[in-house]
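The data block below is protein_3.cif; it holds mmCIF, C-alpha atoms and all ligand atoms.
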data_structure
#
loop_
_atom_site.label_atom_id
_atom_site.label_comp_id
_atom_site.auth_asym_id
_atom_site.auth_seq_id
_atom_site.Cartn_x
_atom_site.Cartn_y
_atom_site.Cartn_z
CA MET D 1 26.51 -6.23 -5.75
CA ALA D 2 23.57 -5.07 -3.66
CA ARG D 3 21.23 -7.43 -5.50
CA ARG D 4 23.53 -10.42 -5.00
CA TRP D 5 23.99 -9.62 -1.32
CA ILE D 6 20.26 -9.08 -0.76
CA ASP D 7 19.30 -12.32 -2.52
CA ALA D 8 21.73 -14.22 -0.30
CA GLU D 9 21.25 -12.38 3.00
CA VAL D 10 17.69 -10.98 2.90
CA PRO D 11 15.63 -13.52 0.95
CA LYS D 12 11.90 -12.92 0.68
CA ALA D 13 10.99 -15.87 2.90
CA TRP D 14 13.09 -14.43 5.73
CA ALA D 15 11.65 -10.93 5.26
CA ARG D 16 8.17 -12.48 5.44
CA GLU D 17 9.01 -14.13 8.73
CA LEU D 18 10.49 -10.94 10.19
CA GLU D 19 7.52 -8.81 9.14
CA ALA D 20 5.00 -11.24 10.62
CA ASP D 21 6.63 -10.96 14.05
CA GLU D 22 4.67 -7.85 14.89
CA GLN D 23 5.90 -7.29 18.45
CA ASN D 24 9.59 -7.51 17.63
CA TYR D 25 11.76 -5.10 15.68
CA PRO D 26 13.93 -6.99 13.15
CA PHE D 27 17.29 -6.48 14.87
CA ALA D 28 18.73 -9.41 12.87
CA LEU D 29 18.20 -7.43 9.64
CA TRP D 30 19.68 -4.27 11.20
CA ASP D 31 22.76 -6.27 12.31
CA LYS D 32 23.31 -7.71 8.83
CA LEU D 33 23.03 -4.28 7.20
CA VAL D 34 25.47 -2.83 9.73
CA GLU D 35 27.97 -5.64 9.27
CA ALA D 36 27.89 -5.24 5.48
CA GLY D 37 28.49 -1.48 5.82
CA PHE D 38 25.22 -0.49 4.16
CA LEU D 39 24.27 1.91 6.94
CA GLY D 40 27.04 4.15 5.57
CA ILE D 41 25.49 4.61 2.11
CA GLY D 42 24.86 8.33 1.59
CA ILE D 43 26.95 9.39 4.61
CA ASP D 44 30.13 11.28 3.66
CA GLU D 45 33.36 9.31 3.87
CA GLU D 46 34.88 11.89 6.22
CA TYR D 47 32.23 10.84 8.77
CA GLY D 48 32.86 7.12 8.34
CA GLY D 49 30.25 6.53 5.66
CA GLN D 50 30.56 5.14 2.15
CA GLY D 51 29.54 8.34 0.37
CA GLY D 52 27.06 8.17 -2.50
CA ASP D 53 24.40 10.50 -3.84
CA ILE D 54 20.62 10.19 -4.01
CA LEU D 55 20.87 7.95 -7.08
CA ILE D 56 23.12 5.45 -5.30
CA GLN D 57 20.81 5.48 -2.29
CA MET D 58 17.82 4.86 -4.53
CA ILE D 59 19.45 1.94 -6.30
CA PHE D 60 20.08 0.35 -2.90
CA ALA D 61 16.58 1.19 -1.64
CA ARG D 62 15.02 -0.37 -4.72
CA GLU D 63 16.99 -3.59 -4.32
CA LEU D 64 16.24 -3.88 -0.61
CA ALA D 65 12.52 -3.23 -1.10
CA ARG D 66 12.39 -5.99 -3.74
CA THR D 67 12.69 -8.59 -0.98
CA ALA D 68 12.23 -6.71 2.29
CA GLY D 69 9.27 -4.51 1.25
CA GLY D 70 8.46 -2.01 3.99
CA LEU D 71 11.28 -3.37 6.20
CA LEU D 72 13.43 -1.22 3.93
CA TRP D 73 12.89 1.43 6.60
CA VAL D 74 15.19 -0.50 8.95
CA TRP D 75 17.85 1.06 6.71
CA GLY D 76 15.93 4.12 5.54
CA LEU D 77 15.00 5.76 8.85
CA THR D 78 18.61 6.03 9.98
CA SER D 79 20.70 6.07 6.85
CA PHE D 80 18.41 8.01 4.60
CA ALA D 81 16.16 10.25 6.72
CA GLY D 82 18.28 10.59 9.87
CA ALA D 83 21.69 10.94 8.29
CA LYS D 84 20.39 13.34 5.64
CA SER D 85 18.91 15.60 8.30
CA ILE D 86 22.13 15.73 10.31
CA SER D 87 24.21 16.19 7.14
CA HIS D 88 22.03 19.07 5.94
CA PHE D 89 20.99 20.82 9.16
CA GLY D 90 23.64 19.82 11.71
CA SER D 91 26.61 21.95 12.78
CA ASP D 92 30.12 20.56 12.27
CA ALA D 93 30.19 19.43 15.90
CA GLN D 94 26.82 17.67 15.52
CA LYS D 95 27.98 15.91 12.35
CA GLN D 96 31.11 14.69 14.16
CA ARG D 97 29.02 13.58 17.09
CA TRP D 98 26.30 11.57 15.31
CA LEU D 99 27.14 10.68 11.71
CA PRO D 100 29.99 8.22 12.48
CA ASP D 101 27.70 6.42 14.94
CA MET D 102 24.95 6.21 12.34
CA ALA D 103 27.31 4.84 9.71
CA ALA D 104 28.59 2.26 12.22
CA GLY D 105 25.09 1.19 13.26
CA LYS D 106 25.40 2.57 16.79
CA CYS D 107 22.62 5.13 16.51
CA ARG D 108 19.13 4.19 15.32
CA VAL D 109 16.83 7.05 14.30
CA SER D 110 13.07 7.56 14.38
CA ILE D 111 11.02 10.52 13.12
CA GLY D 112 8.39 12.36 15.14
CA PHE D 113 6.54 14.90 13.01
CA THR D 114 2.90 13.70 12.82
CA GLU D 115 0.54 14.36 15.75
CA PRO D 116 -2.76 12.71 16.77
CA ASP D 117 -4.88 15.53 15.30
CA GLY D 118 -3.49 14.97 11.80
CA GLY D 119 -0.53 14.57 9.51
CA THR D 120 -1.74 16.27 6.33
CA ASP D 121 -2.38 19.56 8.10
CA VAL D 122 0.69 18.90 10.20
CA LEU D 123 1.13 22.54 11.22
CA GLY D 124 -2.53 23.03 12.11
CA ALA D 125 -2.49 19.89 14.24
CA MET D 126 0.78 20.50 16.04
CA LYS D 127 0.40 20.95 19.81
CA THR D 128 3.73 19.62 21.07
CA PHE D 129 5.43 22.58 22.67
CA GLY D 130 8.97 23.32 23.83
CA GLU D 131 9.60 25.95 26.48
CA LYS D 132 13.03 27.56 26.82
CA VAL D 133 14.78 26.91 30.13
CA ASP D 134 18.36 27.29 31.27
CA GLY D 135 20.60 25.16 29.01
CA GLY D 136 17.82 23.68 26.92
CA TRP D 137 14.11 23.11 26.45
CA ILE D 138 11.28 21.37 28.28
CA VAL D 139 9.04 19.61 25.77
CA ASN D 140 5.50 18.33 26.33
CA GLY D 141 3.15 16.71 23.85
CA GLN D 142 2.36 13.64 21.80
CA LYS D 143 3.42 12.36 18.41
CA MET D 144 1.66 9.72 16.33
CA TRP D 145 2.94 6.93 14.07
CA CYS D 146 6.52 7.48 15.17
CA THR D 147 8.03 4.45 13.44
CA ALA D 148 10.62 2.41 15.37
CA ALA D 149 10.44 4.86 18.30
CA LYS D 150 10.66 2.09 20.90
CA VAL D 151 14.02 0.90 19.60
CA ALA D 152 15.43 4.29 18.59
CA ASP D 153 18.48 5.98 20.10
CA ARG D 154 17.52 9.38 18.69
CA ILE D 155 14.25 10.91 17.50
CA LEU D 156 14.10 13.70 14.96
CA LEU D 157 11.41 15.78 16.62
CA LEU D 158 9.48 18.73 15.20
CA VAL D 159 8.25 21.00 17.98
CA ARG D 160 6.51 24.36 18.26
CA THR D 161 8.72 26.63 20.34
CA ASP D 162 6.89 29.93 19.77
CA ARG D 163 3.11 30.41 19.73
CA ASN D 164 3.19 34.14 19.09
CA VAL D 165 3.92 34.01 15.40
CA GLU D 166 2.35 35.65 12.37
CA LYS D 167 2.40 32.52 10.26
CA ARG D 168 2.01 29.00 11.55
CA HIS D 169 5.11 27.72 9.79
CA HIS D 170 7.14 30.17 11.90
CA GLY D 171 8.22 29.27 15.45
CA LEU D 172 9.03 25.59 14.83
CA THR D 173 12.26 23.94 15.96
CA LEU D 174 13.86 20.64 15.04
CA PHE D 175 15.45 18.62 17.85
CA PHE D 176 17.54 15.45 17.78
CA LEU D 177 16.14 14.02 20.96
CA ASP D 178 17.89 11.31 22.98
CA ALA D 179 15.14 8.67 22.93
CA LYS D 180 16.16 7.37 26.37
CA SER D 181 15.57 10.77 28.06
CA PRO D 182 13.33 10.74 31.17
CA GLY D 183 9.71 11.50 30.23
CA VAL D 184 9.83 9.80 26.79
CA SER D 185 7.59 6.76 26.34
CA ALA D 186 6.15 4.91 23.35
CA ASP D 187 3.23 2.53 22.75
CA LEU D 188 3.12 0.21 19.74
CA LEU D 189 0.23 0.76 17.30
CA PRO D 190 -1.08 -2.42 15.63
CA LYS D 191 -1.37 -1.93 11.87
CA LEU D 192 -2.01 -3.43 8.42
CA GLY D 193 1.54 -3.65 7.07
CA MET D 194 5.22 -3.12 7.89
CA ARG D 195 4.22 -4.84 11.11
CA ALA D 196 7.61 -5.45 12.68
CA MET D 197 8.66 -1.82 12.15
CA GLY D 198 6.92 -0.81 15.37
CA SER D 199 5.09 2.44 14.65
CA CYS D 200 4.27 4.12 17.95
CA ALA D 201 2.30 6.74 19.77
CA LEU D 202 5.07 8.78 21.39
CA PHE D 203 4.50 10.61 24.68
CA LEU D 204 6.66 13.50 25.82
CA ASP D 205 6.17 14.40 29.44
CA ASN D 206 8.37 17.27 30.65
CA VAL D 207 11.27 16.04 28.53
CA PHE D 208 14.46 18.09 28.87
CA ILE D 209 16.35 18.53 25.58
CA PRO D 210 19.73 20.28 25.84
CA ASP D 211 20.55 23.20 23.52
CA ASP D 212 23.20 21.19 21.70
CA CYS D 213 20.47 18.89 20.35
CA VAL D 214 18.77 21.69 18.39
CA LEU D 215 19.34 21.23 14.65
CA GLY D 216 19.74 24.46 12.70
CA GLU D 217 18.15 27.70 13.85
CA VAL D 218 15.55 27.87 16.60
CA GLY D 219 12.12 28.74 15.15
CA LYS D 220 13.18 28.17 11.54
CA ALA D 221 12.67 24.39 11.21
CA TRP D 222 10.05 24.60 8.49
CA TYR D 223 12.44 26.38 6.16
CA MET D 224 14.93 23.54 6.69
CA VAL D 225 12.46 20.70 6.30
CA LEU D 226 10.84 21.91 3.06
CA PRO D 227 13.87 21.45 0.76
CA SER D 228 14.34 17.88 2.07
CA LEU D 229 10.88 16.79 0.91
CA ASN D 230 11.96 16.00 -2.67
CA ASN D 231 14.37 13.36 -1.38
CA GLU D 232 11.63 11.79 0.69
CA ARG D 233 9.33 11.53 -2.34
CA ILE D 234 12.12 10.02 -4.45
CA MET D 235 12.73 7.45 -1.72
CA VAL D 236 9.07 6.40 -1.88
CA GLY D 237 9.46 6.06 -5.65
CA ALA D 238 12.45 3.75 -5.23
CA GLN D 239 10.72 1.64 -2.58
CA CYS D 240 7.62 1.20 -4.75
CA LEU D 241 9.73 0.33 -7.76
CA GLY D 242 11.48 -2.37 -5.72
CA ALA D 243 8.10 -3.74 -4.68
CA ILE D 244 6.94 -3.88 -8.31
CA ASP D 245 10.17 -5.73 -9.20
CA GLY D 246 9.37 -8.28 -6.49
CA VAL D 247 5.74 -8.66 -7.57
CA LEU D 248 6.66 -9.11 -11.24
CA GLU D 249 9.26 -11.80 -10.69
CA ASP D 250 6.96 -13.79 -8.39
CA ALA D 251 4.00 -13.41 -10.76
CA VAL D 252 5.97 -14.59 -13.81
CA ASP D 253 7.43 -17.57 -11.91
CA TYR D 254 4.02 -18.63 -10.67
CA ALA D 255 2.37 -18.18 -14.07
CA LYS D 256 4.95 -20.49 -15.63
CA THR D 257 4.57 -23.29 -13.11
CA ARG D 258 0.98 -23.30 -11.84
CA LYS D 259 -1.30 -25.42 -14.00
CA ALA D 260 -5.05 -25.31 -14.70
CA PHE D 261 -6.96 -27.16 -17.41
CA GLY D 262 -3.74 -28.99 -18.25
CA LYS D 263 -1.80 -25.78 -19.09
CA PRO D 264 0.38 -23.33 -17.20
CA ILE D 265 -1.87 -20.43 -16.16
CA GLY D 266 0.60 -18.12 -17.94
CA GLN D 267 -0.83 -19.44 -21.19
CA PHE D 268 -4.21 -17.81 -20.45
CA GLN D 269 -4.58 -14.41 -22.06
CA ALA D 270 -6.10 -12.84 -18.94
CA ILE D 271 -3.03 -13.74 -16.86
CA GLN D 272 -0.70 -12.55 -19.64
CA HIS D 273 -2.49 -9.19 -19.68
CA TYR D 274 -2.14 -8.81 -15.92
CA ILE D 275 1.58 -9.49 -16.21
CA ALA D 276 1.93 -7.08 -19.13
CA ASP D 277 0.25 -4.37 -17.04
CA ILE D 278 2.61 -4.94 -14.09
CA ALA D 279 5.65 -4.83 -16.39
CA THR D 280 4.41 -1.57 -17.92
CA TRP D 281 3.92 0.02 -14.48
CA GLN D 282 7.44 -1.13 -13.60
CA THR D 283 8.94 0.67 -16.61
CA GLN D 284 6.84 3.78 -16.06
CA THR D 285 7.93 3.98 -12.40
CA GLU D 286 11.56 3.25 -13.28
CA LEU D 287 11.75 6.00 -15.90
CA LEU D 288 10.20 8.55 -13.58
CA MET D 289 12.37 7.49 -10.63
CA TYR D 290 15.63 7.84 -12.57
CA TYR D 291 14.50 11.08 -14.19
CA VAL D 292 13.63 12.74 -10.89
CA SER D 293 16.76 11.42 -9.14
CA TRP D 294 18.81 12.82 -12.01
CA LEU D 295 17.12 16.24 -11.70
CA GLN D 296 17.73 16.26 -7.94
CA ASN D 297 21.36 15.14 -8.34
CA ASN D 298 21.98 17.92 -10.81
CA GLY D 299 20.53 20.59 -8.57
CA GLN D 300 17.54 21.18 -10.83
CA GLU D 301 14.08 22.14 -9.57
CA CYS D 302 12.02 18.94 -9.17
CA GLY D 303 9.31 19.67 -6.59
CA VAL D 304 6.44 18.94 -8.99
CA GLN D 305 8.18 15.96 -10.58
CA SER D 306 9.03 14.35 -7.24
CA ASN D 307 5.37 14.69 -6.22
CA MET D 308 4.34 13.05 -9.51
CA LEU D 309 6.81 10.23 -8.91
CA LYS D 310 5.54 9.64 -5.37
CA MET D 311 1.94 9.48 -6.57
CA VAL D 312 2.50 7.30 -9.66
CA ALA D 313 4.89 4.92 -7.87
CA SER D 314 2.66 4.32 -4.85
CA GLU D 315 -0.44 3.77 -7.00
CA ASN D 316 1.45 1.47 -9.39
CA ALA D 317 2.88 -0.60 -6.52
CA VAL D 318 -0.52 -1.17 -4.95
CA LYS D 319 -2.14 -2.00 -8.33
CA ALA D 320 0.73 -4.37 -9.16
CA ALA D 321 0.50 -6.19 -5.83
CA ASP D 322 -3.28 -6.43 -6.18
CA LEU D 323 -2.96 -8.07 -9.61
CA GLY D 324 -0.15 -10.21 -8.18
CA ILE D 325 -2.59 -11.57 -5.60
CA GLN D 326 -5.06 -12.29 -8.41
CA ILE D 327 -2.45 -14.19 -10.43
CA LEU D 328 -1.50 -16.37 -7.47
CA GLY D 329 -5.18 -17.01 -6.66
CA GLY D 330 -5.64 -18.35 -3.14
CA MET D 331 -1.90 -18.50 -2.63
CA GLY D 332 -1.74 -14.76 -3.27
CA TYR D 333 -3.86 -14.29 -0.17
CA SER D 334 -1.79 -16.74 1.83
CA ALA D 335 0.69 -15.58 4.45
CA GLU D 336 3.08 -18.13 2.93
CA THR D 337 3.70 -15.99 -0.17
CA ASP D 338 4.75 -12.36 -0.53
CA MET D 339 1.99 -10.76 -2.62
CA GLN D 340 -0.14 -9.95 0.43
CA ARG D 341 2.90 -8.40 2.12
CA TYR D 342 3.74 -6.26 -0.92
CA TRP D 343 0.14 -5.04 -0.98
CA ARG D 344 -0.05 -4.34 2.77
CA ASP D 345 3.39 -2.73 3.02
CA HIS D 346 2.86 -0.34 0.12
CA ARG D 347 -0.78 0.61 0.63
CA ILE D 348 0.41 3.11 3.26
CA LEU D 349 2.53 4.95 0.70
CA ARG D 350 -0.60 6.40 -0.88
CA MET D 351 -1.02 8.26 2.44
CA THR D 352 2.48 8.90 3.69
CA PRO D 353 4.72 10.85 3.92
CA ILE D 354 2.14 13.01 2.14
CA SER D 355 -1.24 11.82 0.90
CA ASN D 356 -1.79 11.47 -2.83
CA GLU D 357 -4.74 13.86 -2.52
CA MET D 358 -2.37 16.56 -1.26
CA VAL D 359 0.09 15.68 -4.01
CA ARG D 360 -2.63 16.22 -6.60
CA ASN D 361 -3.57 19.53 -4.94
CA SER D 362 -0.02 20.68 -5.24
CA ILE D 363 0.45 19.55 -8.86
CA ALA D 364 -2.77 21.38 -9.81
CA GLU D 365 -1.60 24.50 -7.97
CA SER D 366 1.69 24.42 -9.88
CA LEU D 367 -0.39 24.85 -13.04
CA GLY D 368 -1.81 28.11 -11.73
CA LEU D 369 -5.05 26.80 -10.23
CA PRO D 370 -6.18 28.33 -6.92
CA ARG D 371 -5.37 26.57 -3.64
CA SER D 372 -8.31 24.29 -2.84
CA PHE D 373 -7.98 24.18 0.96
C1 LIG D 401 2.48 2.93 9.13
C2 LIG D 401 2.71 4.39 9.26
C3 LIG D 401 3.98 4.86 9.51
C4 LIG D 401 4.20 6.22 9.68
N1 LIG D 401 5.43 6.65 10.06
C5 LIG D 401 5.59 7.94 10.45
C6 LIG D 401 6.80 8.37 11.07
O1 LIG D 401 7.75 7.59 11.25
N2 LIG D 401 6.90 9.65 11.48
C7 LIG D 401 5.88 10.55 11.31
O2 LIG D 401 6.04 11.70 11.70
N3 LIG D 401 4.72 10.17 10.71
C8 LIG D 401 4.54 8.89 10.30
N4 LIG D 401 3.34 8.49 9.75
C9 LIG D 401 2.26 9.46 9.61
C10 LIG D 401 1.87 9.77 8.17
O3 LIG D 401 2.82 10.65 7.62
C11 LIG D 401 0.44 10.34 8.21
O4 LIG D 401 -0.43 9.26 8.45
C12 LIG D 401 0.09 11.05 6.92
O5 LIG D 401 0.79 12.28 6.85
C13 LIG D 401 -1.41 11.34 6.82
O6 LIG D 401 -1.87 11.99 7.97
P1 LIG D 401 -3.15 11.43 8.77
O7 LIG D 401 -3.00 9.98 8.94
O8 LIG D 401 -3.30 12.24 10.00
O9 LIG D 401 -4.38 11.67 7.81
P2 LIG D 401 -5.25 13.02 7.73
O10 LIG D 401 -4.34 14.18 7.64
O11 LIG D 401 -6.25 13.00 8.81
O12 LIG D 401 -5.98 12.83 6.32
C14 LIG D 401 -7.14 12.01 6.17
C15 LIG D 401 -7.63 12.09 4.72
O13 LIG D 401 -7.99 13.44 4.39
C16 LIG D 401 -7.36 13.83 3.19
N5 LIG D 401 -7.11 15.28 3.19
C17 LIG D 401 -6.65 16.05 4.20
N6 LIG D 401 -6.49 17.32 3.78
C18 LIG D 401 -6.86 17.36 2.47
C19 LIG D 401 -6.92 18.36 1.48
N7 LIG D 401 -6.57 19.63 1.72
N8 LIG D 401 -7.31 18.03 0.23
C20 LIG D 401 -7.67 16.75 -0.06
N9 LIG D 401 -7.63 15.75 0.85
C21 LIG D 401 -7.23 16.04 2.08
C22 LIG D 401 -6.04 13.05 3.17
O14 LIG D 401 -5.51 12.98 1.88
C23 LIG D 401 -6.52 11.70 3.70
O15 LIG D 401 -7.10 10.96 2.65
C24 LIG D 401 3.12 7.14 9.54
C25 LIG D 401 1.84 6.65 9.26
C26 LIG D 401 1.62 5.31 9.15
C27 LIG D 401 0.20 4.82 8.95
#
Just give me the structure as structure tokens.
Ligand SMILES: Cc1cc2nc3c(=O)[nH]c(=O)nc-3n(C[C@H](O)[C@H](O)[C@H](O)COP(=O)(O)OP(=O)(O)OC[C@H]3O[C@@H](n4cnc5c(N)ncnc54)[C@H](O)[C@@H]3O)c2cc1C
Amino acid sequence: MARRWIDAEVPKAWARELEADEQNYPFALWDKLVEAGFLGIGIDEEYGGQGGDILIQMIFARELARTAGGLLWVWGLTSFAGAKSISHFGSDAQKQRWLPDMAAGKCRVSIGFTEPDGGTDVLGAMKTFGEKVDGGWIVNGQKMWCTAAKVADRILLLVRTDRNVEKRHHGLTLFFLDAKSPGVSADLLPKLGMRAMGSCALFLDNVFIPDDCVLGEVGKAWYMVLPSLNNERIMVGAQCLGAIDGVLEDAVDYAKTRKAFGKPIGQFQAIQHYIADIATWQTQTELLMYYVSWLQNNGQECGVQSNMLKMVASENAVKAADLGIQILGGMGYSAETDMQRYWRDHRILRMTPISNEMVRNSIAESLGLPRSF
């Protein structure tokens, strides 16, 4: 059903147009997703959502990424990242307050974790500070790469609220900031891909955040965030798999119709080998994605496996899109086809939400090797 709807309502040519419009967030895509009820996927029915576990969310993410590429995050920031955080960390009152609005498309979410001094060593770089005042907190600082911050209603904000701590992962608090609060401003950052998504530098100048916008326990945010990381990695796996699906279908179509030396280029062995490689990466990513989603759904430990999925999927997606460009020749480089967009949109996933170097560090550590940093 999702595939049929996406083919009809979010065709690749339209996604290409939306993504190229760098200054403007794709509200038209948001509106369609809201109207179809897709914002409710993964949100419990008692809060107005459609229910569904990580596997259902990943099937939808894969299908949407097949045409929309990185614009998948129009759905993902709110319905996946935002709603999951409120569902997991929010009190009953907070769930009642925000989840129905998210499911109904009345509350758009952005995430503010990374800071200008670095995202990999996010704790070492974190300077944004919240000071306790009567009824809430005054927050000052800057966040970096806060995607869709300019058009957000709420920002999931990680803030240091205590500097006198033994360990740097202590003393952090998670807020669900009203993005229209006085003192909040955002500047768009021009970038290689996912252009219309509007990633921003976010400035927080004496921003008051009331106590009822603290998620979970004050000072304990890191303990809450850590268990949610597997889901994030699985989401990257699903997005990359969708991109490989899109690359493969376009590559096969083109290879069958484009002619050189009187033959379809798909008759040349070199082109056939490229296509065989892309299809193999698709299957490899698919198997890993379903395996890790299954582990997560069944409450089994999958920290290492979700890191492996994130790494393999992002590298496969970029390799597939790169070969896709090669198969289409000059047209692969043209803004009139999607290969360049698949490449640009997924290149970032080798760096975010965690870099593949850090993923490798952590896989090696899980085998008993000493920490390298
Ligand atoms: C388009 C885009 C959208 C984003 N959206 C968001 C968002 O919505 N919200 C948000 O909070 N963040 C967002 N980010 C931030 C993203 O998560 C960070 O860019 C990412 O965590 C990497 O951090 P960094 O860019 O500061 O790189 P750095 O941390 O400076 O890393 C630079 C290089 O050093 C390497 N390195 C660092 N430490 C080690 C080590 N110990 N071992 C080996 N190599 C190492 C890294 O792997 C990388 O190759 C986004 C970024 C981009 C570009």
_D:Ala196 surroundings by all atoms listed in the file, 12 Å radius, close-in-sequence under 3 positions cut, as a ChimeraX atom specification_ = /D:15-29,68-74,147-148,150-151,188-193,199-200,341,345
Export of the given selection (C-alpha atoms) as a CSV table (one decimal), in the coordinates of the input:
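out38.csv, freshly written:
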chain,number,residue,atom,x,y,z
D,15,ALA,CA,11.6,-10.9,5.3
D,16,ARG,CA,8.2,-12.5,5.4
D,17,GLU,CA,9.0,-14.1,8.7
D,18,LEU,CA,10.5,-10.9,10.2
D,19,GLU,CA,7.5,-8.8,9.1
D,20,ALA,CA,5.0,-11.2,10.6
D,21,ASP,CA,6.6,-11.0,14.0
D,22,GLU,CA,4.7,-7.8,14.9
D,23,GLN,CA,5.9,-7.3,18.4
D,24,ASN,CA,9.6,-7.5,17.6
D,25,TYR,CA,11.8,-5.1,15.7
D,26,PRO,CA,13.9,-7.0,13.2
D,27,PHE,CA,17.3,-6.5,14.9
D,28,ALA,CA,18.7,-9.4,12.9
D,29,LEU,CA,18.2,-7.4,9.6
D,68,ALA,CA,12.2,-6.7,2.3
D,69,GLY,CA,9.3,-4.5,1.2
D,70,GLY,CA,8.5,-2.0,4.0
D,71,LEU,CA,11.3,-3.4,6.2
D,72,LEU,CA,13.4,-1.2,3.9
D,73,TRP,CA,12.9,1.4,6.6
D,74,VAL,CA,15.2,-0.5,9.0
D,147,THR,CA,8.0,4.4,13.4
D,148,ALA,CA,10.6,2.4,15.4
D,150,LYS,CA,10.7,2.1,20.9
D,151,VAL,CA,14.0,0.9,19.6
D,188,LEU,CA,3.1,0.2,19.7
D,189,LEU,CA,0.2,0.8,17.3
D,190,PRO,CA,-1.1,-2.4,15.6
D,191,LYS,CA,-1.4,-1.9,11.9
D,192,LEU,CA,-2.0,-3.4,8.4
D,193,GLY,CA,1.5,-3.6,7.1
D,199,SER,CA,5.1,2.4,14.6
D,200,CYS,CA,4.3,4.1,18.0
D,341,ARG,CA,2.9,-8.4,2.1
D,345,ASP,CA,3.4,-2.7,3.0
_Can you work out which residues are within 9 Å of ligand LIG 401 (chain D), considering only C-alpha atoms and all ligand atoms, and then hand them over as a PyMOL selection string?_
chain D and resi 77+110-122+125+143-149+156-158+189+191-195+197-200+345+348-361+371-373
Print the selection's residues with C-alpha atoms to a file, as a compact mmCIF listing (two decimals), keeping the file's coordinate frame.
# COMPACT_ATOMS: atom_id res chain seq x y z
CA LEU D 77 15.00 5.76 8.85
CA SER D 110 13.07 7.56 14.38
CA ILE D 111 11.02 10.52 13.12
CA GLY D 112 8.39 12.36 15.14
CA PHE D 113 6.54 14.90 13.01
CA THR D 114 2.90 13.70 12.82
CA GLU D 115 0.54 14.36 15.75
CA PRO D 116 -2.76 12.71 16.77
CA ASP D 117 -4.88 15.53 15.30
CA GLY D 118 -3.49 14.97 11.80
CA GLY D 119 -0.53 14.57 9.51
CA THR D 120 -1.74 16.27 6.33
CA ASP D 121 -2.38 19.56 8.10
CA VAL D 122 0.69 18.90 10.20
CA ALA D 125 -2.49 19.89 14.24
CA LYS D 143 3.42 12.36 18.41
CA MET D 144 1.66 9.72 16.33
CA TRP D 145 2.94 6.93 14.07
CA CYS D 146 6.52 7.48 15.17
CA THR D 147 8.03 4.45 13.44
CA ALA D 148 10.62 2.41 15.37
CA ALA D 149 10.44 4.86 18.30
CA LEU D 156 14.10 13.70 14.96
CA LEU D 157 11.41 15.78 16.62
CA LEU D 158 9.48 18.73 15.20
CA LEU D 189 0.23 0.76 17.30
CA LYS D 191 -1.37 -1.93 11.87
CA LEU D 192 -2.01 -3.43 8.42
CA GLY D 193 1.54 -3.65 7.07
CA MET D 194 5.22 -3.12 7.89
CA ARG D 195 4.22 -4.84 11.11
CA MET D 197 8.66 -1.82 12.15
CA GLY D 198 6.92 -0.81 15.37
CA SER D 199 5.09 2.44 14.65
CA CYS D 200 4.27 4.12 17.95
CA ASP D 345 3.39 -2.73 3.02
CA ILE D 348 0.41 3.11 3.26
CA LEU D 349 2.53 4.95 0.70
CA ARG D 350 -0.60 6.40 -0.88
CA MET D 351 -1.02 8.26 2.44
CA THR D 352 2.48 8.90 3.69
CA PRO D 353 4.72 10.85 3.92
CA ILE D 354 2.14 13.01 2.14
CA SER D 355 -1.24 11.82 0.90
CA ASN D 356 -1.79 11.47 -2.83
CA GLU D 357 -4.74 13.86 -2.52
CA MET D 358 -2.37 16.56 -1.26
CA VAL D 359 0.09 15.68 -4.01
CA ARG D 360 -2.63 16.22 -6.60
CA ASN D 361 -3.57 19.53 -4.94
CA ARG D 371 -5.37 26.57 -3.64
CA SER D 372 -8.31 24.29 -2.84
CA PHE D 373 -7.98 24.18 0.96
*When you draw a straight line from atom CA of D:Gly262 to atom CA of D:Asp250, how long is it in Å?*
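Computing it gives 21.0 Å between the two atoms.
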*asked:* I'd like the neighbourhood of D:Leu328 as number ranges by chain, where a residue qualifies if any of its atoms comes within 12 Å (using only C-alpha atoms), though same-chain residues fewer than 6 positions away should be ignored.
replied: D: 247-248, 250-259, 265-266, 271, 274-275, 321-322, 334, 336-340
*asked:* Which residues are close to stretch 211-217 of chain D, i.e. within 7 Å by all atoms listed in the file, leaving aside same-chain residues fewer than 2 positions away? Reply as a PyMOL selection string.
replied: chain D and resi 89-90+135-136+174-177+209+219-221
*D:Ala364, D:Ile234, D:Ala270, D:Leu33: which is nearest D:Leu309, counting only C-alpha atoms?*
D:Ile234
*From the set D:Thr173, D:Ser181, D:Asn140, D:Ser228, which residue has the shortest atom-to-atom contact distance to D:Gly82, counting all atoms listed in the file?*
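Using all atoms listed in the file, the shortest distance to D:Gly82 belongs to D:Ser228.
Going from atom CA of D:His169 to atom CA of D:Leu226 covers 10.6 Å.
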*Which is closest to D:Phe203 among D:Ala83, D:Ala179, D:Ala186, D:Val218, if we use all atoms listed in the file?*
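Closest to D:Phe203, using all atoms listed in the file: D:Ala186.
Residue nearest D:Pro210 within the list D:Val139, D:Ala61, D:Asp245, D:Ser185: D:Val139 [criterion: smallest interatomic distance, only C-alpha atoms].
Among D:Lys319, D:Ile327, D:Thr78, D:Ile138, the residue with the shortest atom-to-atom distance to D:Phe268, counting only C-alpha atoms, is D:Ile327.
Around D:Asn231, within 10 Å and counting all atoms listed in the file, the residues found are Ile54, Met58, Phe80, Ala81, Lys84, Pro227, Ser228, Leu229, Arg233, Ile234, Met235, Val236, Gly237, Val292, Ser293, Gln296, Cys302, Gly303 and Ser306 of chain D, once anything fewer than 2 positions away on its own chain is removed.
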*asked:* Show me, as an NGL selection string, the residues that have an atom within 10 Å of D:Asp44 when counting all atoms listed in the file, minus same-chain residues fewer than 6 positions from it.
replied: :D and (50-53 or 83 or 87 or 99-100 or 103)
